[in-house]
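A.B. asks: Provided below: work_24.cif, containing mmCIF, C-alpha atoms.
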```cif
data_model
loop_
_atom_site.label_atom_id
_atom_site.label_comp_id
_atom_site.auth_asym_id
_atom_site.auth_seq_id
_atom_site.Cartn_x
_atom_site.Cartn_y
_atom_site.Cartn_z
CA MET Y 23 14.65 -15.45 -13.93
CA GLU Y 24 13.60 -12.21 -12.30
CA LYS Y 25 15.75 -11.47 -9.23
CA THR Y 26 13.41 -10.51 -6.39
CA TRP Y 27 13.86 -9.84 -2.68
CA ARG Y 28 11.50 -10.24 0.24
CA TRP Y 29 11.03 -6.80 1.79
CA PHE Y 30 8.85 -6.16 4.83
CA GLY Y 31 7.52 -2.75 3.88
CA LYS Y 32 8.42 0.81 4.81
CA LYS Y 33 9.52 -0.24 8.31
CA ASP Y 34 12.06 -2.76 6.94
CA LYS Y 35 15.58 -1.98 8.13
CA ILE Y 36 16.82 -2.66 4.58
CA ALA Y 37 16.14 0.30 2.28
CA LEU Y 38 14.94 -0.13 -1.28
CA SER Y 39 17.89 1.97 -2.47
CA MET Y 40 20.23 -0.70 -1.03
CA LEU Y 41 18.40 -3.37 -3.01
CA ARG Y 42 18.77 -1.50 -6.30
CA GLU Y 43 22.51 -1.25 -5.69
CA ILE Y 44 22.89 -5.04 -5.37
CA GLY Y 45 20.95 -5.89 -8.52
CA VAL Y 46 17.48 -6.66 -7.20
CA GLU Y 47 14.83 -6.22 -9.92
CA GLY Y 48 11.55 -7.00 -8.18
CA ILE Y 49 10.17 -6.75 -4.67
CA VAL Y 50 8.26 -9.44 -2.80
CA SER Y 51 6.12 -7.80 -0.13
CA ALA Y 52 2.73 -7.51 1.54
CA LEU Y 53 0.57 -5.19 3.60
CA HIS Y 54 1.95 -6.50 6.87
CA ASP Y 55 0.09 -4.04 9.07
CA ILE Y 56 -3.36 -5.28 8.04
CA PRO Y 57 -4.67 -8.03 10.35
CA ASN Y 58 -5.42 -11.41 8.79
CA GLY Y 59 -8.92 -11.59 7.40
CA GLU Y 60 -9.37 -7.87 6.83
CA ILE Y 61 -9.69 -6.37 3.33
CA TRP Y 62 -6.69 -4.91 1.55
CA THR Y 63 -7.99 -1.65 0.07
CA GLU Y 64 -6.95 -0.52 -3.38
CA GLU Y 65 -5.69 2.72 -1.82
CA ALA Y 66 -3.33 0.88 0.57
CA ILE Y 67 -2.09 -1.43 -2.19
CA LEU Y 68 -1.34 1.44 -4.57
CA ASP Y 69 0.39 3.41 -1.84
CA LEU Y 70 2.94 0.61 -1.33
CA LYS Y 71 3.17 -0.12 -5.06
CA HIS Y 72 3.98 3.51 -5.89
CA TYR Y 73 6.48 3.69 -3.03
CA ILE Y 74 8.33 0.71 -4.51
CA GLU Y 75 8.14 2.09 -8.05
CA ASP Y 76 9.43 5.48 -6.93
CA ALA Y 77 12.57 3.64 -5.82
CA GLY Y 78 13.04 2.26 -9.35
CA LEU Y 79 11.77 -1.24 -8.57
CA ARG Y 80 8.55 -3.15 -9.16
CA TRP Y 81 6.28 -5.03 -6.78
CA SER Y 82 6.54 -8.43 -8.44
CA VAL Y 83 5.01 -10.86 -5.94
CA VAL Y 84 2.63 -10.56 -3.01
CA GLU Y 85 3.95 -12.70 -0.18
CA SER Y 86 1.66 -13.28 1.42
CA LEU Y 87 -2.01 -12.50 1.25
CA PRO Y 88 -2.59 -14.61 4.38
CA VAL Y 89 -5.30 -17.25 4.49
CA SER Y 90 -7.09 -16.89 7.83
CA GLU Y 91 -7.24 -19.83 10.21
CA GLY Y 92 -11.04 -19.76 9.92
CA ILE Y 93 -10.74 -20.62 6.22
CA LYS Y 94 -8.35 -23.47 6.96
CA ASN Y 95 -10.46 -24.98 9.74
CA ASN Y 96 -13.95 -24.27 8.28
CA ALA Y 97 -15.02 -21.90 11.04
CA SER Y 98 -18.54 -20.47 11.12
CA ASN Y 99 -17.30 -17.26 9.47
CA ARG Y 100 -15.40 -19.03 6.68
CA ASP Y 101 -17.50 -17.65 3.85
CA GLN Y 102 -17.21 -14.09 5.12
CA LEU Y 103 -13.43 -14.48 5.39
CA ILE Y 104 -13.29 -15.79 1.82
CA ASP Y 105 -15.50 -12.92 0.64
CA ASN Y 106 -12.99 -10.51 2.18
CA TYR Y 107 -10.14 -12.42 0.53
CA ILE Y 108 -11.85 -12.12 -2.86
CA VAL Y 109 -12.22 -8.35 -2.46
CA SER Y 110 -8.52 -8.12 -1.61
CA LEU Y 111 -7.71 -10.16 -4.71
CA GLU Y 112 -9.88 -7.87 -6.82
CA ASN Y 113 -8.04 -4.84 -5.48
CA LEU Y 114 -4.68 -6.47 -6.14
CA GLY Y 115 -5.73 -7.38 -9.67
CA LYS Y 116 -6.94 -3.85 -10.38
CA SER Y 117 -3.57 -2.58 -9.14
CA GLY Y 118 -1.65 -4.83 -11.52
CA LEU Y 119 -0.41 -7.40 -9.00
CA LYS Y 120 -0.78 -10.86 -10.49
CA THR Y 121 1.36 -13.29 -8.45
CA ILE Y 122 0.14 -14.20 -4.95
CA CYS Y 123 2.09 -16.53 -2.66
CA TYR Y 124 0.16 -18.09 0.23
CA ASN Y 125 0.24 -21.17 2.42
CA PHE Y 126 -2.30 -23.51 3.96
CA MET Y 127 -0.30 -24.60 7.01
CA PRO Y 128 -2.43 -24.68 10.15
CA VAL Y 129 -1.34 -22.46 13.06
CA ILE Y 130 2.40 -22.32 12.39
CA ASP Y 131 4.21 -21.23 9.23
CA TRP Y 132 7.71 -22.67 9.67
CA ILE Y 133 9.61 -24.40 12.43
CA ARG Y 134 13.22 -24.12 13.62
CA THR Y 135 14.74 -24.62 17.06
CA ASP Y 136 17.84 -22.41 16.58
CA LEU Y 137 17.90 -19.06 14.79
CA ASP Y 138 21.61 -18.41 15.31
CA TYR Y 139 23.38 -21.76 14.89
CA LYS Y 140 27.10 -21.05 14.70
CA LEU Y 141 29.16 -22.50 11.86
CA GLU Y 142 32.92 -23.02 11.71
CA ASP Y 143 33.46 -20.12 9.31
CA GLY Y 144 31.97 -17.63 11.77
CA THR Y 145 28.58 -17.26 10.10
CA SER Y 146 25.35 -18.58 11.59
CA THR Y 147 22.27 -20.20 10.13
CA LEU Y 148 18.82 -21.57 10.95
CA TYR Y 149 18.75 -25.08 12.43
CA PHE Y 150 16.23 -27.72 13.46
CA ASP Y 151 17.14 -30.05 16.32
CA LYS Y 152 14.57 -32.84 16.59
CA ILE Y 153 15.27 -33.63 20.23
CA LYS Y 154 14.93 -29.99 21.26
CA PHE Y 155 11.70 -29.81 19.32
CA ALA Y 156 10.42 -33.03 20.90
CA TYR Y 157 11.26 -31.56 24.32
CA PHE Y 158 9.22 -28.46 23.47
CA ASP Y 159 6.34 -30.60 22.19
CA ILE Y 160 6.22 -33.08 25.09
CA LEU Y 161 7.42 -31.19 28.16
CA ILE Y 162 6.68 -27.52 27.40
CA LEU Y 163 3.47 -27.73 25.39
CA ASN Y 164 2.47 -30.95 27.19
CA ARG Y 165 0.58 -31.86 24.05
CA LYS Y 166 -1.70 -34.84 24.57
CA GLU Y 167 -0.16 -38.09 23.27
CA ALA Y 168 2.80 -36.18 21.81
CA ASP Y 169 5.11 -38.98 22.90
CA LYS Y 170 3.53 -41.26 20.30
CA ASP Y 171 5.14 -39.17 17.54
CA TYR Y 172 8.66 -40.09 18.64
CA THR Y 173 10.74 -43.26 18.89
CA SER Y 174 11.78 -44.78 22.22
CA ASP Y 175 15.35 -43.63 21.56
CA GLU Y 176 14.18 -40.08 20.92
CA LEU Y 177 12.06 -40.12 24.08
CA ALA Y 178 15.06 -41.27 26.11
CA LYS Y 179 17.07 -38.32 24.77
CA VAL Y 180 14.24 -35.92 25.59
CA TYR Y 181 14.19 -36.99 29.24
CA GLU Y 182 17.97 -36.88 29.38
CA LEU Y 183 17.83 -33.30 28.10
CA ASP Y 184 15.30 -32.51 30.82
CA LYS Y 185 18.01 -33.12 33.43
CA THR Y 186 20.25 -30.34 32.11
CA ILE Y 187 18.13 -27.79 30.26
CA THR Y 188 17.87 -24.41 31.99
CA GLU Y 189 14.84 -22.18 32.39
CA ALA Y 190 16.51 -19.66 30.07
CA GLU Y 191 16.93 -22.35 27.41
CA LYS Y 192 13.29 -23.35 27.76
CA ALA Y 193 12.24 -19.72 27.34
CA GLN Y 194 14.45 -19.43 24.28
CA LEU Y 195 12.80 -22.49 22.71
CA ILE Y 196 9.38 -20.92 23.22
CA ASP Y 197 10.57 -17.62 21.79
CA THR Y 198 12.17 -19.31 18.77
CA ILE Y 199 9.43 -21.74 17.82
CA ILE Y 200 6.23 -19.77 18.42
CA VAL Y 201 7.13 -16.10 18.80
CA LYS Y 202 10.08 -14.87 16.72
CA THR Y 203 9.44 -17.01 13.64
CA GLN Y 204 5.68 -16.49 13.67
CA GLY Y 205 4.87 -13.00 14.90
CA PHE Y 206 6.26 -11.17 11.89
CA ILE Y 207 4.47 -13.54 9.50
CA ASN Y 208 0.97 -14.36 10.74
CA GLY Y 209 0.53 -12.31 13.89
CA ASN Y 210 -1.11 -15.15 15.86
CA ILE Y 211 1.42 -14.74 18.68
CA LYS Y 212 3.52 -11.61 19.19
CA ALA Y 213 6.42 -10.57 21.36
CA GLY Y 214 5.09 -9.43 24.69
CA ASP Y 215 2.05 -11.73 24.70
CA GLN Y 216 1.34 -13.15 28.12
CA ASN Y 217 1.67 -16.95 28.23
CA PRO Y 218 2.35 -17.67 24.52
CA VAL Y 219 2.29 -21.42 25.26
CA ALA Y 220 -1.34 -21.25 26.38
CA ILE Y 221 -2.28 -19.20 23.30
CA PHE Y 222 -0.48 -21.68 21.05
CA ASN Y 223 -2.19 -24.66 22.66
CA ARG Y 224 -5.59 -23.05 22.09
CA LEU Y 225 -4.73 -22.57 18.41
CA LEU Y 226 -3.63 -26.21 18.11
CA ALA Y 227 -6.80 -27.48 19.82
CA VAL Y 228 -8.97 -26.15 16.99
CA TYR Y 229 -7.45 -28.82 14.73
CA ASP Y 230 -7.94 -31.76 17.09
CA ASN Y 231 -10.64 -33.27 14.86
CA ILE Y 232 -9.40 -32.08 11.46
CA ASP Y 233 -7.42 -34.65 9.49
CA LYS Y 234 -5.54 -34.42 6.21
CA ASN Y 235 -8.57 -35.17 4.06
CA GLU Y 236 -10.68 -32.50 5.71
CA LEU Y 237 -7.93 -29.90 5.42
CA ARG Y 238 -7.58 -30.81 1.75
CA GLU Y 239 -11.29 -30.29 1.21
CA ASN Y 240 -11.13 -26.93 2.97
CA LEU Y 241 -8.36 -25.92 0.56
CA ARG Y 242 -10.36 -27.13 -2.43
CA TYR Y 243 -13.38 -25.12 -1.27
CA PHE Y 244 -11.24 -22.00 -0.88
CA LEU Y 245 -9.64 -22.39 -4.31
CA ASN Y 246 -12.96 -22.99 -6.07
CA ARG Y 247 -14.33 -19.82 -4.48
CA ILE Y 248 -11.44 -17.60 -5.56
CA MET Y 249 -10.69 -18.97 -9.05
CA PRO Y 250 -13.31 -16.79 -10.83
CA VAL Y 251 -11.66 -13.56 -9.64
CA CYS Y 252 -8.23 -15.00 -10.47
CA GLU Y 253 -9.41 -15.69 -14.01
CA GLN Y 254 -10.94 -12.24 -14.32
CA TYR Y 255 -7.70 -10.42 -13.39
CA GLY Y 256 -5.11 -12.99 -14.52
CA ILE Y 257 -3.95 -13.65 -10.95
CA ASN Y 258 -1.75 -16.68 -10.26
CA MET Y 259 -2.13 -18.22 -6.81
CA CYS Y 260 1.05 -19.99 -5.64
CA ILE Y 261 0.76 -22.34 -2.68
CA HIS Y 262 3.89 -22.71 -0.56
CA PRO Y 263 4.98 -26.19 0.62
CA ASP Y 264 4.81 -27.06 4.30
CA ASP Y 265 7.99 -26.23 6.21
CA PRO Y 266 9.19 -28.73 7.18
CA PRO Y 267 7.20 -31.14 5.00
CA PHE Y 268 6.32 -33.78 7.55
CA GLN Y 269 3.93 -34.40 10.43
CA MET Y 270 4.42 -32.10 13.42
CA LEU Y 271 2.43 -31.13 16.52
CA GLY Y 272 -0.40 -33.44 15.53
CA LEU Y 273 -1.38 -31.03 12.73
CA PRO Y 274 -2.40 -32.21 9.28
CA ARG Y 275 0.10 -31.50 6.49
CA ILE Y 276 -1.09 -31.33 2.88
CA VAL Y 277 1.82 -29.88 0.83
CA THR Y 278 4.70 -32.23 1.57
CA ASN Y 279 5.52 -34.32 -1.51
CA GLU Y 280 4.72 -35.10 -5.14
CA GLU Y 281 1.39 -36.76 -4.36
CA ASP Y 282 0.22 -33.79 -2.30
CA ILE Y 283 1.16 -31.23 -4.95
CA GLN Y 284 -0.45 -33.29 -7.71
CA TRP Y 285 -3.66 -33.56 -5.68
CA ILE Y 286 -3.83 -29.79 -5.22
CA LEU Y 287 -3.24 -29.02 -8.88
CA ASP Y 288 -5.69 -31.71 -10.03
CA SER Y 289 -8.38 -30.88 -7.48
CA VAL Y 290 -8.81 -27.42 -9.00
CA ASP Y 291 -7.37 -27.92 -12.48
CA ASN Y 292 -6.93 -24.29 -13.42
CA PRO Y 293 -3.65 -22.69 -14.58
CA HIS Y 294 -4.18 -19.93 -12.00
CA ASN Y 295 -3.97 -22.57 -9.26
CA GLY Y 296 -0.21 -23.00 -9.06
CA LEU Y 297 2.83 -23.56 -6.91
CA THR Y 298 5.49 -21.59 -5.10
CA PHE Y 299 8.39 -23.97 -5.61
CA CYS Y 300 10.32 -23.61 -2.34
CA ALA Y 301 13.42 -25.74 -2.80
CA GLY Y 302 14.33 -25.30 0.85
CA SER Y 303 11.07 -26.62 2.25
CA LEU Y 304 10.88 -29.50 -0.21
CA SER Y 305 14.53 -30.51 0.24
CA THR Y 306 13.98 -30.91 3.99
CA GLY Y 307 11.80 -33.94 3.27
CA ILE Y 308 14.03 -36.93 2.56
CA GLN Y 309 11.11 -38.36 0.55
CA ASN Y 310 11.58 -35.64 -2.09
CA ASN Y 311 13.84 -35.59 -5.13
CA VAL Y 312 13.78 -31.84 -5.66
CA PRO Y 313 14.92 -31.65 -9.30
CA ASP Y 314 12.39 -34.34 -10.27
CA LEU Y 315 9.63 -32.31 -8.61
CA ALA Y 316 10.79 -29.18 -10.46
CA ARG Y 317 10.69 -30.96 -13.81
CA LYS Y 318 7.22 -32.33 -13.12
CA PHE Y 319 5.64 -29.12 -11.85
CA ALA Y 320 7.57 -26.40 -13.72
CA SER Y 321 4.60 -25.52 -15.92
CA ARG Y 322 2.42 -24.81 -12.85
CA THR Y 323 5.14 -23.00 -10.90
CA HIS Y 324 4.63 -19.23 -10.77
CA PHE Y 325 7.23 -18.30 -8.14
CA VAL Y 326 10.47 -19.90 -6.92
CA HIS Y 327 12.25 -19.75 -3.55
CA LEU Y 328 15.89 -20.64 -4.10
CA ARG Y 329 17.38 -22.02 -0.90
CA SER Y 330 18.74 -25.39 0.10
CA THR Y 331 18.92 -27.55 3.22
CA GLU Y 332 21.17 -30.27 4.52
CA ALA Y 333 19.60 -33.33 6.11
CA LEU Y 334 21.56 -34.45 9.19
CA GLU Y 335 21.52 -37.46 11.49
CA GLY Y 336 18.63 -37.99 13.87
CA GLY Y 337 16.07 -36.01 11.89
CA ASN Y 338 17.97 -32.73 12.27
CA PHE Y 339 18.43 -30.30 9.37
CA MET Y 340 19.99 -26.94 8.65
CA GLU Y 341 20.00 -24.31 5.96
CA ALA Y 342 22.79 -25.12 3.51
CA SER Y 343 24.87 -22.99 1.20
CA HIS Y 344 22.89 -22.00 -1.88
CA LEU Y 345 25.39 -23.98 -3.99
CA GLU Y 346 25.17 -27.13 -1.89
CA GLY Y 347 22.67 -29.37 -0.11
CA ARG Y 348 19.59 -31.27 -1.19
CA GLY Y 349 18.02 -28.34 -3.03
CA HIS Y 350 20.28 -28.77 -6.09
CA LEU Y 351 19.71 -25.13 -7.01
CA ILE Y 352 21.98 -25.15 -10.06
CA GLU Y 353 19.86 -27.89 -11.59
CA LEU Y 354 16.67 -26.05 -10.63
CA VAL Y 355 17.81 -22.89 -12.38
CA LYS Y 356 18.36 -24.94 -15.57
CA ILE Y 357 14.87 -26.39 -15.29
CA PHE Y 358 13.02 -23.14 -14.57
CA GLU Y 359 15.02 -21.06 -17.07
CA ALA Y 360 13.98 -23.52 -19.76
CA GLU Y 361 10.33 -23.19 -18.70
CA ASN Y 362 10.04 -19.41 -18.21
CA THR Y 363 12.88 -16.89 -18.29
CA LYS Y 364 10.70 -14.26 -16.57
CA LEU Y 365 9.79 -16.43 -13.59
CA PRO Y 366 10.30 -14.48 -10.33
CA MET Y 367 12.68 -16.05 -7.87
CA ARG Y 368 14.00 -14.92 -4.54
CA VAL Y 369 16.88 -16.22 -2.47
CA ASP Y 370 15.72 -17.20 0.97
CA HIS Y 371 17.02 -17.67 4.50
CA GLY Y 372 20.49 -16.22 4.07
CA ARG Y 373 23.14 -16.76 6.70
CA MET Y 374 23.98 -14.14 9.31
CA MET Y 375 27.35 -12.63 8.44
CA LEU Y 376 29.42 -9.44 8.38
CA GLY Y 377 27.50 -7.68 11.13
CA ASP Y 378 23.99 -8.87 10.20
CA GLU Y 379 23.54 -10.21 13.71
CA ASP Y 380 23.42 -6.72 15.25
CA LYS Y 381 20.77 -5.24 12.95
CA GLY Y 382 17.58 -6.82 14.30
CA TYR Y 383 16.58 -8.42 11.01
CA ASN Y 384 13.71 -10.91 10.92
CA PRO Y 385 14.95 -14.51 11.35
CA GLY Y 386 16.36 -15.82 8.07
CA TYR Y 387 16.19 -12.40 6.41
CA SER Y 388 19.66 -10.97 6.85
CA PHE Y 389 21.06 -8.42 4.40
CA HIS Y 390 24.64 -9.55 3.78
CA GLY Y 391 23.75 -13.22 3.90
CA ARG Y 392 21.00 -12.86 1.32
CA MET Y 393 23.14 -10.51 -0.78
CA PHE Y 394 25.85 -13.18 -0.88
CA ALA Y 395 23.28 -15.83 -1.85
CA LEU Y 396 21.81 -13.54 -4.54
CA ALA Y 397 25.27 -13.07 -6.03
CA GLN Y 398 25.74 -16.84 -6.12
CA MET Y 399 22.39 -17.37 -7.83
CA ASP Y 400 22.95 -14.43 -10.20
CA GLY Y 401 26.13 -16.13 -11.39
CA VAL Y 402 24.33 -19.45 -11.81
CA ILE Y 403 21.52 -17.82 -13.81
CA ALA Y 404 23.97 -15.95 -16.04
CA THR Y 405 25.92 -19.15 -16.70
CA VAL Y 406 22.79 -21.13 -17.54
CA GLN Y 407 21.58 -18.40 -19.90
CA HIS Y 408 25.01 -18.21 -21.58
CA LEU Y 409 25.17 -21.96 -22.14
CA LYS Y 410 21.57 -22.00 -23.39
CA ASN Y 411 22.33 -19.32 -25.98
#
```
Using the file provided, produce a representation of the structure as structure tokens.
C.D. replies:
Amino acid sequence: MEKTWRWFGKKDKIALSMLREIGVEGIVSALHDIPNGEIWTEEAILDLKHYIEDAGLRWSVVESLPVSEGIKNNASNRDQLIDNYIVSLENLGKSGLKTICYNFMPVIDWIRTDLDYKLEDGTSTLYFDKIKFAYFDILILNRKEADKDYTSDELAKVYELDKTITEAEKAQLIDTIIVKTQGFINGNIKAGDQNPVAIFNRLLAVYDNIDKNELRENLRYFLNRIMPVCEQYGINMCIHPDDPPFQMLGLPRIVTNEEDIQWILDSVDNPHNGLTFCAGSLSTGIQNNVPDLARKFASRTHFVHLRSTEALEGGNFMEASHLEGRGHLIELVKIFEAENTKLPMRVDHGRMMLGDEDKGYNPGYSFHGRMFALAQMDGVIATVQHLKN
């Protein structure tokens, strides 16, 4: 497998020269400064591509070419947004970029309640606490009928938490769930925005009357529109699973399990319509047997995220060691190496360790933590290749 690394462009605090030193082969990046929905010019694409190549690396995967909310919710300007997307794809294809990761999650890309959850060994990790999230949903967002999404026992714990939670802790929940983890990805809400809760509620309200079937059809429409340009330039589109892969905030979820993935691949049965196999997202859903999913969808997988999670009591979960947890990454490497030895993979959501916490890295994208995970996966890949030969 090709060892890649998510890098956030020229402003990233991690230099490309550092990545070469630790054995990275390919870069996963995007034009992060271009607002969603606007065209990526060939000039801007080539500028970043040449910058990466001048450092002795290659731009292997685009993550992500964002799908605008108007495409997801069938806004009046949907066709214009898709036209812009097609031009961006054309420019990427002309520039030699053939693997595009994207997601179709409404409003919010990924959800955690703690970005610095301390572990006994002194490192920290990302964590999801269901009661904290339910508190945010019910008593901070005040989402209509949110209480119906939780059990009576969970509701009792929410109101018990309300007796002790501080204003600072409430502010931290807001910052964690809808600012820090979202601003550097989709730009809907940014640090410094006035009243992010009100902005977030307006974004959620757009989906009040959009159910799973309608969101699926909006995805099918989008894929049918872009497949001709994908065929022309040999571009593989790789949809990312929902994170976490279950119902949240009243939003429809359409990439959560085997049935969902099969529907997407069958609905537009084209080899360029493929999957980003994110073991971390999929392992969060207790409904998913991750190795079984890998075996079933390996031939339509064009990009792999190697991370793992640990399911905990009460609906909580946390990022696990890359050698442990429900992701079964050793087994996944065996499966994907047998399918395609050139398949790009990146380690994901490394722990904070050895001074990472002071560097201002994006949540989940530490240097030492990911370097440690890359070394673990490099050893697994080498072992699998040795045994195969």
A.B. asks: Pull the closest atom pair for each residue of segment 277-370 of chain Y that gets at most 6 Å from segment 252-271 of chain Y, along with the distance in Å to one decimal, counting all atoms listed in the file, ordering rows by chain and then ascending residue number, as a Markdown table.
C.D. replies:
```
| residue | atom | partner | partner_atom | distance |
| --- | --- | --- | --- | --- |
| Y:Val277 | CA | Y:Pro263 | CA | 4.9 |
| Y:Thr278 | CA | Y:Pro267 | CA | 4.4 |
| Y:His294 | CA | Y:Asn258 | CA | 4.4 |
| Y:Asn295 | CA | Y:Met259 | CA | 5.3 |
| Y:Gly296 | CA | Y:Cys260 | CA | 4.7 |
| Y:Leu297 | CA | Y:Cys260 | CA | 4.2 |
| Y:Thr298 | CA | Y:Cys260 | CA | 4.8 |
| Y:Ser303 | CA | Y:Asp265 | CA | 5.0 |
| Y:Gly307 | CA | Y:Pro267 | CA | 5.7 |
```
A.B. asks: Set the distance at 9 Å and use all atoms listed in the file: which residues neighbour Lys356 of chain Y once local chain neighbours fewer than 5 positions away are removed? I'd like the list as a PDB file with C-alpha atoms, keeping the file's coordinate frame.
C.D. replies:
```
ATOM      1  CA  LEU Y 351      19.710 -25.130  -7.010  1.00  0.00           C
ATOM      2  CA  GLU Y 361      10.330 -23.190 -18.700  1.00  0.00           C
ATOM      3  CA  VAL Y 402      24.330 -19.450 -11.810  1.00  0.00           C
ATOM      4  CA  ILE Y 403      21.520 -17.820 -13.810  1.00  0.00           C
ATOM      5  CA  VAL Y 406      22.790 -21.130 -17.540  1.00  0.00           C
ATOM      6  CA  GLN Y 407      21.580 -18.400 -19.900  1.00  0.00           C
ATOM      7  CA  LYS Y 410      21.570 -22.000 -23.390  1.00  0.00           C
TER       8      LYS Y 410
END
```
A.B. asks: Would you translate the PyMOL selection byres ((chain Y and resi 339-345) around 8) into the concrete set of residues it matches in this file, as a PyMOL selection string?
C.D. replies: chain Y and resi 147-151+302+306+328-334+337-338+346-347+350-352+371+395+398-399
A.B. asks: Calculated over all atoms listed in the file, which of the candidates Y:Glu182, Y:Glu47, Y:Glu236, Y:Asp143 has the smallest distance to Arg373 of chain Y?
C.D. replies: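 Using all atoms listed in the file, the shortest distance to Arg373 of chain Y belongs to Y:Asp143.
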A.B. asks: Using Å and a single decimal, report how far atom CA of Thr26 of chain Y sits from atom CA of Leu79 of chain Y.
C.D. replies: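 So the answer is 9.7 Å.
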A.B. asks: Figure out the distance between atom CA of Gly48 of chain Y and atom CA of Lys25 of chain Y, please, to one decimal in Å.
C.D. replies: 6.2 Å
A.B. asks: In Å, how far is it from atom CA of Tyr157 of chain Y to atom CA of Thr203 of chain Y?
C.D. replies: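 According to the coordinates, atom CA of Tyr157 of chain Y and atom CA of Thr203 of chain Y are separated by 18.1 Å.
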A.B. asks: Which segment 106-163 of chain Y residues have any atom within 10 Å of an atom of segment 222-225 of chain Y, and for each, what is the nearest pair of atoms with distance in Å to one decimal, counting all atoms listed in the file, rows sorted by chain and number, as JSON lines?
C.D. replies:
```
{"residue": "Y:Pro128", "atom": "CA", "partner": "Y:Leu225", "partner_atom": "CA", "distance": 8.8}
{"residue": "Y:Val129", "atom": "CA", "partner": "Y:Leu225", "partner_atom": "CA", "distance": 6.3}
{"residue": "Y:Ile130", "atom": "CA", "partner": "Y:Phe222", "partner_atom": "CA", "distance": 9.1}
{"residue": "Y:Leu163", "atom": "CA", "partner": "Y:Asn223", "partner_atom": "CA", "distance": 7.0}
```
A.B. asks: Convert the output of the PyMOL selection byres ((chain Y and resi 111) around 9) on the shown file into explicit residues, formatted as a compact mmCIF listing (two decimals) with C-alpha atoms, in the frame of the given file.
C.D. replies:
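Once everything was written out, this is selection.txt:
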```
# COMPACT_ATOMS: atom_id res chain seq x y z
CA TRP Y 62 -6.69 -4.91 1.55
CA LEU Y 87 -2.01 -12.50 1.25
CA ASN Y 106 -12.99 -10.51 2.18
CA TYR Y 107 -10.14 -12.42 0.53
CA ILE Y 108 -11.85 -12.12 -2.86
CA VAL Y 109 -12.22 -8.35 -2.46
CA SER Y 110 -8.52 -8.12 -1.61
CA GLU Y 112 -9.88 -7.87 -6.82
CA ASN Y 113 -8.04 -4.84 -5.48
CA LEU Y 114 -4.68 -6.47 -6.14
CA GLY Y 115 -5.73 -7.38 -9.67
CA LYS Y 116 -6.94 -3.85 -10.38
CA LEU Y 119 -0.41 -7.40 -9.00
CA ILE Y 122 0.14 -14.20 -4.95
CA ILE Y 248 -11.44 -17.60 -5.56
CA VAL Y 251 -11.66 -13.56 -9.64
CA CYS Y 252 -8.23 -15.00 -10.47
CA TYR Y 255 -7.70 -10.42 -13.39
CA ILE Y 257 -3.95 -13.65 -10.95
```
A.B. asks: For Leu195 of chain Y, which of Y:Lys154, Y:His72, Y:Lys33, Y:Lys364 is the closest residue, counting all atoms listed in the file?
C.D. replies: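 Smallest distance to Leu195 of chain Y is found for Y:Lys154.
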A.B. asks: Applying the PyMOL selection byres ((chain Y and resi 192) around 12) to the file I just gave you, which residues come out? Please list them as an mmCIF file with C-alpha atoms, in the frame of the given file.
C.D. replies:
```
data_model
loop_
_atom_site.group_PDB
_atom_site.id
_atom_site.type_symbol
_atom_site.label_atom_id
_atom_site.label_comp_id
_atom_site.auth_asym_id
_atom_site.auth_seq_id
_atom_site.Cartn_x
_atom_site.Cartn_y
_atom_site.Cartn_z
ATOM 1 C CA THR Y 135 14.740 -24.620 17.060
ATOM 2 C CA LYS Y 154 14.930 -29.990 21.260
ATOM 3 C CA PHE Y 155 11.700 -29.810 19.320
ATOM 4 C CA TYR Y 157 11.260 -31.560 24.320
ATOM 5 C CA PHE Y 158 9.220 -28.460 23.470
ATOM 6 C CA ASP Y 159 6.340 -30.600 22.190
ATOM 7 C CA LEU Y 161 7.420 -31.190 28.160
ATOM 8 C CA ILE Y 162 6.680 -27.520 27.400
ATOM 9 C CA LEU Y 163 3.470 -27.730 25.390
ATOM 10 C CA LEU Y 183 17.830 -33.300 28.100
ATOM 11 C CA ASP Y 184 15.300 -32.510 30.820
ATOM 12 C CA THR Y 186 20.250 -30.340 32.110
ATOM 13 C CA ILE Y 187 18.130 -27.790 30.260
ATOM 14 C CA THR Y 188 17.870 -24.410 31.990
ATOM 15 C CA GLU Y 189 14.840 -22.180 32.390
ATOM 16 C CA ALA Y 190 16.510 -19.660 30.070
ATOM 17 C CA GLU Y 191 16.930 -22.350 27.410
ATOM 18 C CA ALA Y 193 12.240 -19.720 27.340
ATOM 19 C CA GLN Y 194 14.450 -19.430 24.280
ATOM 20 C CA LEU Y 195 12.800 -22.490 22.710
ATOM 21 C CA ILE Y 196 9.380 -20.920 23.220
ATOM 22 C CA ASP Y 197 10.570 -17.620 21.790
ATOM 23 C CA THR Y 198 12.170 -19.310 18.770
ATOM 24 C CA ILE Y 199 9.430 -21.740 17.820
ATOM 25 C CA VAL Y 219 2.290 -21.420 25.260
#
```
A.B. asks: Got a sec: who's within 12 Å of segment 228-232 of chain Y, counting all atoms listed in the file, leaving out chain neighbours fewer than 4 positions off, as a PyMOL selection string?
C.D. replies: chain Y and resi 91-92+94-97+127-129+165-167+221-224+236-240+271-276
A.B. asks: What lies within 12 Å of Asp175 of chain Y using only C-alpha atoms, ignoring chain neighbours under 5 positions off, as a ChimeraX atom specification?
C.D. replies: /Y:152-153,156,169,180-182,336
A.B. asks: For a quick check of understanding, using all atoms listed in the file, which of Y:Glu359, Y:Ser98, Y:Ser388, Y:Val369 has the smallest distance to His408 of chain Y?
C.D. replies: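 Selected residue with least distance to His408 of chain Y: Y:Glu359.
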